[in-house]
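Chemist: Structure file start25.cif (mmCIF, C-alpha atoms) right here:
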data_target
#
loop_
_atom_site.label_atom_id
_atom_site.label_comp_id
_atom_site.auth_asym_id
_atom_site.auth_seq_id
_atom_site.Cartn_x
_atom_site.Cartn_y
_atom_site.Cartn_z
CA MET A 262 20.14 -15.08 56.11
CA ALA A 263 20.97 -12.61 53.34
CA GLY A 264 22.44 -9.29 54.41
CA PRO A 265 20.75 -5.94 53.65
CA GLY A 266 22.48 -5.63 50.28
CA GLY A 267 21.54 -9.14 49.20
CA LEU A 268 17.95 -8.71 50.36
CA ALA A 269 17.61 -5.44 48.47
CA ALA A 270 18.95 -7.06 45.32
CA PHE A 271 16.53 -9.97 45.71
CA ARG A 272 13.57 -7.62 46.13
CA ALA A 273 14.67 -5.54 43.15
CA ALA A 274 14.95 -8.69 41.04
CA GLN A 275 11.47 -9.77 42.20
CA ARG A 276 9.98 -6.42 41.23
CA GLY A 277 11.68 -6.49 37.86
CA MET A 278 10.60 -10.05 37.12
CA SER A 279 7.00 -9.57 38.22
CA GLY A 280 6.61 -6.50 36.04
CA ALA A 281 8.46 -7.86 33.04
CA MET A 282 6.66 -11.20 33.08
CA ASN A 283 3.53 -9.36 31.96
CA PHE A 284 4.19 -9.80 28.25
CA PRO A 285 2.77 -7.21 25.84
CA PRO A 286 -0.95 -7.78 25.19
CA GLY A 287 -1.53 -10.03 22.22
CA LEU A 288 1.92 -11.64 22.22
CA LEU A 289 1.90 -15.43 22.14
CA PHE A 290 5.13 -16.86 23.57
CA ARG A 291 6.51 -20.38 23.96
CA GLN A 292 9.92 -21.49 25.26
CA LEU A 293 10.89 -24.96 24.01
CA PHE A 294 13.85 -27.16 24.96
CA GLU A 295 16.13 -29.62 23.16
CA LYS A 296 17.74 -31.91 25.74
CA VAL A 297 20.89 -33.09 23.93
CA SER A 298 22.45 -29.68 23.26
CA TYR A 299 20.48 -27.91 26.01
CA THR A 300 19.15 -25.50 23.39
CA TYR A 301 16.14 -23.24 23.86
CA THR A 302 13.90 -22.55 20.88
CA TYR A 303 11.47 -19.65 21.05
CA LEU A 304 8.15 -19.24 19.28
CA LEU A 305 6.57 -15.79 19.18
CA ALA A 306 3.34 -14.81 17.45
CA ASP A 307 0.77 -12.07 17.17
CA ALA A 308 -2.37 -13.60 18.64
CA GLU A 309 -4.57 -11.52 16.34
CA THR A 310 -2.88 -11.85 12.95
CA ARG A 311 -1.38 -15.31 13.80
CA GLU A 312 1.91 -14.28 12.16
CA ALA A 313 4.85 -15.92 13.91
CA ILE A 314 8.62 -16.24 14.14
CA VAL A 315 10.71 -19.05 15.62
CA ILE A 316 14.20 -18.39 17.00
CA ASP A 317 16.99 -21.00 17.12
CA PRO A 318 15.07 -24.14 16.10
CA VAL A 319 16.92 -27.48 16.28
CA ARG A 320 16.75 -30.11 13.53
CA GLU A 321 15.95 -32.97 15.92
CA THR A 322 12.93 -31.15 17.37
CA ALA A 323 11.65 -29.58 14.15
CA ASP A 324 8.71 -32.05 14.01
CA ARG A 325 7.61 -30.99 17.50
CA ASP A 326 7.85 -27.31 16.61
CA VAL A 327 5.95 -27.69 13.35
CA ARG A 328 3.16 -29.56 15.14
CA LEU A 329 2.87 -26.82 17.74
CA ILE A 330 2.73 -24.13 15.06
CA GLN A 331 0.00 -26.07 13.27
CA ASP A 332 -1.91 -26.78 16.50
CA LEU A 333 -1.96 -23.08 17.34
CA GLY A 334 -3.03 -22.11 13.83
CA LEU A 335 -0.03 -19.87 13.26
CA LYS A 336 1.46 -18.54 10.03
CA LEU A 337 5.22 -18.94 10.40
CA LEU A 338 6.92 -16.11 8.54
CA TYR A 339 10.48 -16.58 9.74
CA ALA A 340 12.83 -19.19 11.20
CA ALA A 341 15.72 -17.16 12.62
CA ASN A 342 19.10 -18.04 14.10
CA THR A 343 21.02 -15.90 16.57
CA HIS A 344 24.29 -17.18 15.03
CA VAL A 345 25.90 -20.15 13.28
CA HIS A 346 25.68 -22.76 16.01
CA ALA A 347 28.47 -25.25 16.70
CA ASP A 348 26.68 -27.60 19.12
CA HIS A 349 23.63 -28.63 17.08
CA VAL A 350 22.28 -28.56 13.54
CA THR A 351 19.72 -25.83 13.01
CA GLY A 352 16.13 -26.71 12.18
CA THR A 353 15.52 -23.68 9.95
CA GLY A 354 15.92 -25.69 6.76
CA GLN A 355 13.46 -28.35 7.91
CA MET A 356 10.92 -25.69 8.82
CA LYS A 357 11.31 -24.07 5.40
CA LYS A 358 10.61 -27.44 3.80
CA ARG A 359 7.50 -28.16 5.88
CA ILE A 360 5.88 -24.75 6.18
CA ALA A 361 5.09 -22.88 2.98
CA GLY A 362 6.22 -19.27 3.00
CA CYS A 363 8.66 -19.65 5.89
CA ARG A 364 11.90 -17.71 5.32
CA SER A 365 15.21 -18.33 7.08
CA VAL A 366 16.99 -15.43 8.80
CA ILE A 367 20.56 -14.95 9.97
CA ALA A 368 23.07 -12.11 10.28
CA GLU A 369 24.78 -11.08 7.07
CA SER A 370 28.09 -11.00 8.99
CA SER A 371 27.79 -14.75 9.70
CA GLY A 372 28.57 -15.61 6.07
CA ALA A 373 25.83 -18.27 6.14
CA ALA A 374 23.14 -18.72 3.51
CA ALA A 375 19.59 -17.60 4.27
CA ASP A 376 16.54 -16.08 2.65
CA LEU A 377 16.93 -12.90 4.69
CA HIS A 378 20.22 -11.47 5.91
CA VAL A 379 19.94 -8.94 8.72
CA ARG A 380 22.22 -6.21 10.02
CA ASP A 381 22.45 -4.19 13.22
CA GLY A 382 19.40 -1.92 13.46
CA ASP A 383 17.13 -3.96 11.20
CA THR A 384 13.67 -5.03 12.37
CA VAL A 385 12.01 -8.39 11.70
CA THR A 386 8.23 -7.88 11.84
CA PHE A 387 5.44 -10.34 12.63
CA GLY A 388 1.95 -8.89 12.95
CA ARG A 389 1.96 -5.86 15.27
CA PHE A 390 5.30 -6.87 16.79
CA GLY A 391 8.87 -6.46 15.70
CA LEU A 392 12.28 -7.75 16.76
CA GLU A 393 15.13 -5.26 16.58
CA VAL A 394 18.42 -6.80 15.47
CA ARG A 395 21.39 -5.86 17.66
CA ALA A 396 24.82 -7.05 16.59
CA THR A 397 26.53 -8.82 19.52
CA PRO A 398 29.71 -10.40 18.09
CA GLY A 399 32.30 -12.07 20.25
CA HIS A 400 31.16 -15.68 20.60
CA THR A 401 31.14 -15.65 16.80
CA ASN A 402 31.44 -12.67 14.48
CA GLY A 403 27.86 -13.18 13.30
CA CYS A 404 26.01 -13.20 16.63
CA VAL A 405 22.91 -11.07 17.04
CA THR A 406 20.44 -10.39 19.83
CA TYR A 407 16.77 -9.98 18.94
CA VAL A 408 14.98 -7.35 21.06
CA LEU A 409 11.19 -7.02 21.16
CA ASN A 410 10.11 -3.57 19.99
CA ASP A 411 8.96 -2.45 23.46
CA ARG A 412 12.31 -3.61 24.94
CA SER A 413 10.59 -5.91 27.44
CA ILE A 414 12.23 -9.10 26.10
CA ALA A 415 15.50 -9.94 24.37
CA PHE A 416 16.83 -13.20 22.91
CA THR A 417 20.57 -13.21 23.46
CA GLY A 418 21.72 -16.40 21.75
CA ASP A 419 25.12 -17.45 23.11
CA ALA A 420 26.37 -13.90 23.69
CA LEU A 421 24.84 -13.77 27.18
CA LEU A 422 23.77 -16.82 29.13
CA ILE A 423 22.21 -16.95 32.60
CA ARG A 424 25.17 -16.20 34.88
CA GLY A 425 27.54 -16.90 32.01
CA CYS A 426 28.31 -16.26 28.34
CA GLY A 427 29.35 -18.08 25.20
CA ARG A 428 32.91 -19.31 24.79
CA THR A 429 35.34 -17.27 22.69
CA ASP A 430 38.10 -19.76 21.89
CA PHE A 431 37.03 -20.78 18.36
CA GLN A 432 34.76 -19.76 15.46
CA GLN A 433 36.03 -16.13 15.19
CA GLY A 434 35.67 -15.70 18.94
CA SER A 435 36.96 -12.59 20.71
CA SER A 436 36.62 -12.02 24.45
CA GLU A 437 37.06 -8.27 24.09
CA SER A 438 34.41 -8.06 21.37
CA LEU A 439 31.97 -10.14 23.42
CA TYR A 440 32.43 -7.98 26.50
CA ARG A 441 31.89 -4.77 24.55
CA SER A 442 28.88 -6.25 22.74
CA VAL A 443 27.11 -7.27 25.93
CA HIS A 444 27.82 -4.03 27.74
CA SER A 445 26.82 -1.78 24.84
CA GLN A 446 23.96 -3.74 23.26
CA ILE A 447 22.37 -5.76 26.08
CA PHE A 448 23.25 -4.11 29.38
CA THR A 449 21.91 -0.80 27.99
CA LEU A 450 18.40 -2.28 27.87
CA PRO A 451 16.07 -1.59 30.84
CA ASP A 452 17.02 -3.49 33.99
CA GLN A 453 13.66 -5.28 34.01
CA CYS A 454 14.06 -6.51 30.41
CA LEU A 455 13.75 -10.29 30.32
CA LEU A 456 16.69 -12.11 28.75
CA TYR A 457 16.20 -15.50 27.12
CA PRO A 458 19.42 -17.32 26.13
CA ALA A 459 20.01 -19.99 23.50
CA HIS A 460 21.16 -22.49 26.15
CA ASP A 461 21.11 -23.26 29.82
CA TYR A 462 22.85 -26.17 31.54
CA THR A 463 21.53 -25.70 35.09
CA GLY A 464 17.75 -25.79 34.67
CA GLN A 465 17.18 -22.03 34.60
CA THR A 466 14.96 -20.48 31.95
CA VAL A 467 15.16 -16.69 32.09
CA THR A 468 17.01 -13.79 33.67
CA THR A 469 16.94 -10.00 33.52
CA VAL A 470 19.37 -7.27 32.50
CA GLY A 471 19.50 -6.06 36.10
CA GLU A 472 20.33 -9.51 37.43
CA GLU A 473 23.14 -10.12 34.98
CA LYS A 474 24.71 -6.71 35.51
CA ARG A 475 24.86 -7.54 39.23
CA PHE A 476 25.46 -11.25 39.41
CA ASN A 477 27.03 -12.53 36.19
CA PRO A 478 30.36 -13.89 37.46
CA ARG A 479 32.13 -13.05 34.20
CA LEU A 480 30.50 -10.00 32.65
CA SER A 481 30.12 -8.04 35.90
CA LYS A 482 33.93 -7.83 36.02
CA LEU A 483 36.16 -5.24 34.37
CA LEU A 484 37.39 -6.09 30.87
CA PRO A 485 40.92 -7.30 31.80
CA GLU A 486 39.57 -9.72 34.40
CA PHE A 487 36.89 -10.93 31.99
CA ILE A 488 39.53 -11.69 29.35
CA GLU A 489 41.60 -13.57 31.92
CA ILE A 490 38.58 -15.66 32.94
CA MET A 491 37.74 -16.50 29.32
CA ASN A 492 41.34 -17.43 28.54
CA ASN A 493 41.34 -20.02 31.31
CA LEU A 494 38.02 -21.84 30.83
CA ASN A 495 39.70 -24.89 29.25
CA LEU A 496 36.47 -26.14 27.69
CA PRO A 497 36.27 -29.38 25.70
CA TYR A 498 35.90 -29.42 21.91
CA PRO A 499 32.17 -29.30 21.01
CA LYS A 500 30.94 -32.80 20.19
CA GLN A 501 28.86 -31.87 17.15
CA ILE A 502 30.97 -29.05 15.72
CA ASP A 503 32.38 -30.95 12.73
CA GLN A 504 28.88 -31.81 11.58
CA ALA A 505 27.06 -28.72 12.77
CA LEU A 506 29.22 -25.90 11.38
CA PRO A 507 29.14 -26.84 7.69
CA ALA A 508 25.46 -27.80 7.88
CA ASN A 509 24.51 -24.57 9.58
CA MET A 510 26.15 -22.51 6.86
CA VAL A 511 23.25 -23.71 4.64
CA CYS A 512 20.32 -23.79 7.12
CA GLY A 513 21.08 -27.36 8.19
CA LEU A 514 20.27 -28.66 4.71
CA GLN A 515 22.22 -31.12 2.58
CA ASP A 516 20.44 -30.09 -0.62
CA ILE A 517 21.08 -26.37 -1.06
CA PRO A 518 18.09 -24.46 -2.45
CA THR A 519 18.51 -23.39 -6.07
CA GLU A 520 18.16 -19.70 -5.25
CA TRP A 521 21.22 -19.89 -2.98
CA ARG A 522 23.51 -21.42 -5.60
CA SER A 523 26.06 -19.02 -7.03
#
Please rewrite the model in this file as structure tokens.
Modeler:
Amino acid sequence: MAGPGGLAAFRAAQRGMSGAMNFPPGLLFRQLFEKVSYTYTYLLADAETREAIVIDPVRETADRDVRLIQDLGLKLLYAANTHVHADHVTGTGQMKKRIAGCRSVIAESSGAAADLHVRDGDTVTFGRFGLEVRATPGHTNGCVTYVLNDRSIAFTGDALLIRGCGRTDFQQGSSESLYRSVHSQIFTLPDQCLLYPAHDYTGQTVTTVGEEKRFNPRLSKLLPEFIEIMNNLNLPYPKQIDQALPANMVCGLQDIPTEWRS
């Protein structure tokens, strides 16, 4: 049986989750999964205006996502990435091709091509809702977290995973930068704020700020210990990196749009 401290933490997490799971009125939300790279794709829309945004789409599941958007009668304004991924090819380019008016979005600091480059503090708007852009470099130097305007939900990409975080041993990675990013840009959100990562490898789907501040086995530590942990992960080389990185610099497309040519 859990001790008093563990029971209190469990009850606090329950309270936070039950309150936060009541999404803002009028927000349509879908969490989708790609089973090869364990990637989550998120679809958000204003139920009244039907304007929508998709976050971290994957090329192999672009057909599924487009069908869902069409089934729901949505107007996809943006296909956004949280960073230049190394473990899969993004589906933003395919969505641009198949949905008229869709614009790709990525951080300016990523160096990747897109229709819209965002910076820390920008807002990407769909209908009555907006996603605040928070720079969270460390996994890569172009990572961002998208935070819903009422701060009830955040999409953390690879910066913060459920009880983990993105690796920092390649692709401009920096353990110190990642630690400072998470603590200053994500852990400063309300404890009940729901956090949706770009990946999960254990079957979990969502966490909260309060949970990760307490229970994340890496980021709950002090900075020196965190750096030591990250330096000793000894992770394998990503299987798709040689294909994914160059493709994701141009929205996963082989034929670069004319407007992006220098």
Chemist: May I have the protein, DNA and RNA residues with any atom at most 12 Å from the point (14.3, -26.0, 10.4), counting only C-alpha atoms, written as a VMD selection string?
Modeler: chain A and resid 302 314 to 327 337 339 to 342 349 to 360 363 to 366 375 508 to 509 511 to 514
Chemist: Quick check, in Å to one decimal: how far apart do atom CA of Gly388 of chain A and atom CA of Gly403 of chain A lie?
Modeler: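 So the answer is 26.3 Å.
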Chemist: Figure out the distance between atom CA of Arg412 of chain A and atom CA of Glu393 of chain A, please, to one decimal in Å.
Modeler: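 Result for atom CA of Glu393 of chain A versus atom CA of Arg412 of chain A: 9.0 Å, one decimal.
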Chemist: Between atom CA of Val405 of chain A and atom CA of Val385 of chain A, what is the distance, to one decimal in Å?
Modeler: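 Result for atom CA of Val405 of chain A versus atom CA of Val385 of chain A: 12.4 Å, one decimal.
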Chemist: Suppose a student applies the PyMOL selection byres ((chain A and resi 465) around 12) to this structure; what residues should they get, written as a list in words?
Modeler: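 Applied to this file, the PyMOL selection byres ((chain A and resi 465) around 12) returns Gln292, Phe294, Tyr299, Thr300, Tyr301, Leu422, Ile423, Arg424, Gly425, Leu456, Tyr457, Pro458, Ala459, His460, Asp461, Tyr462, Thr463, Gly464, Thr466, Val467 and Thr468 of chain A.
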Chemist: Please dump the current selection as a short mmCIF file (atom, residue, chain, number, x, y, z; two decimals), in the frame of the given file; keep C-alpha atoms.
Modeler:
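Below is the file out_18.cif, written as the result:
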data_model
loop_
_atom_site.label_atom_id
_atom_site.label_comp_id
_atom_site.auth_asym_id
_atom_site.auth_seq_id
_atom_site.Cartn_x
_atom_site.Cartn_y
_atom_site.Cartn_z
CA GLN A 292 9.92 -21.49 25.26
CA PHE A 294 13.85 -27.16 24.96
CA TYR A 299 20.48 -27.91 26.01
CA THR A 300 19.15 -25.50 23.39
CA TYR A 301 16.14 -23.24 23.86
CA LEU A 422 23.77 -16.82 29.13
CA ILE A 423 22.21 -16.95 32.60
CA ARG A 424 25.17 -16.20 34.88
CA GLY A 425 27.54 -16.90 32.01
CA LEU A 456 16.69 -12.11 28.75
CA TYR A 457 16.20 -15.50 27.12
CA PRO A 458 19.42 -17.32 26.13
CA ALA A 459 20.01 -19.99 23.50
CA HIS A 460 21.16 -22.49 26.15
CA ASP A 461 21.11 -23.26 29.82
CA TYR A 462 22.85 -26.17 31.54
CA THR A 463 21.53 -25.70 35.09
CA GLY A 464 17.75 -25.79 34.67
CA THR A 466 14.96 -20.48 31.95
CA VAL A 467 15.16 -16.69 32.09
CA THR A 468 17.01 -13.79 33.67
#
Chemist: Counting all atoms listed in the file, note down every residue that has an atom within 10 Å of the point (36.1, -9.3, 19.9) (file coordinates), as a JSON list (two decimals) with C-alpha atoms, keeping the file's coordinate frame.
Modeler:
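out-v4.json was written with the following content:
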[["chain", "number", "residue", "atom", "x", "y", "z"],
["A", 397, "THR", "CA", 26.53, -8.82, 19.52],
["A", 398, "PRO", "CA", 29.71, -10.40, 18.09],
["A", 399, "GLY", "CA", 32.30, -12.07, 20.25],
["A", 400, "HIS", "CA", 31.16, -15.68, 20.60],
["A", 401, "THR", "CA", 31.14, -15.65, 16.80],
["A", 402, "ASN", "CA", 31.44, -12.67, 14.48],
["A", 429, "THR", "CA", 35.34, -17.27, 22.69],
["A", 433, "GLN", "CA", 36.03, -16.13, 15.19],
["A", 434, "GLY", "CA", 35.67, -15.70, 18.94],
["A", 435, "SER", "CA", 36.96, -12.59, 20.71],
["A", 436, "SER", "CA", 36.62, -12.02, 24.45],
["A", 437, "GLU", "CA", 37.06, -8.27, 24.09],
["A", 438, "SER", "CA", 34.41, -8.06, 21.37],
["A", 439, "LEU", "CA", 31.97, -10.14, 23.42],
["A", 440, "TYR", "CA", 32.43, -7.98, 26.50],
["A", 441, "ARG", "CA", 31.89, -4.77, 24.55],
["A", 442, "SER", "CA", 28.88, -6.25, 22.74]]
Chemist: Counting all atoms listed in the file, which of A:Glu295, A:Glu312, A:Asp376, A:Glu473 gets nearest to Thr449 of chain A?
Modeler: A:Glu473
Chemist: Give as a list in words the residues that the PyMOL selection byres ((chain A and resi 411) around 12) matches when applied to the coordinates above.
Modeler: Ala281, Phe284, Pro285, Pro286, Leu288, Arg389, Phe390, Gly391, Leu392, Glu393, Tyr407, Val408, Leu409, Asn410, Arg412, Ser413, Ile414, Ala415, Leu450, Pro451, Gln453, Cys454 and Leu455 of chain A
Chemist: I need the chosen residues saved as a compact mmCIF listing (two decimals), in the coordinates of the input, with C-alpha atoms.
Modeler:
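Final output, out-v4.txt:
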# COMPACT_ATOMS: atom_id res chain seq x y z
CA ALA A 281 8.46 -7.86 33.04
CA PHE A 284 4.19 -9.80 28.25
CA PRO A 285 2.77 -7.21 25.84
CA PRO A 286 -0.95 -7.78 25.19
CA LEU A 288 1.92 -11.64 22.22
CA ARG A 389 1.96 -5.86 15.27
CA PHE A 390 5.30 -6.87 16.79
CA GLY A 391 8.87 -6.46 15.70
CA LEU A 392 12.28 -7.75 16.76
CA GLU A 393 15.13 -5.26 16.58
CA TYR A 407 16.77 -9.98 18.94
CA VAL A 408 14.98 -7.35 21.06
CA LEU A 409 11.19 -7.02 21.16
CA ASN A 410 10.11 -3.57 19.99
CA ARG A 412 12.31 -3.61 24.94
CA SER A 413 10.59 -5.91 27.44
CA ILE A 414 12.23 -9.10 26.10
CA ALA A 415 15.50 -9.94 24.37
CA LEU A 450 18.40 -2.28 27.87
CA PRO A 451 16.07 -1.59 30.84
CA GLN A 453 13.66 -5.28 34.01
CA CYS A 454 14.06 -6.51 30.41
CA LEU A 455 13.75 -10.29 30.32
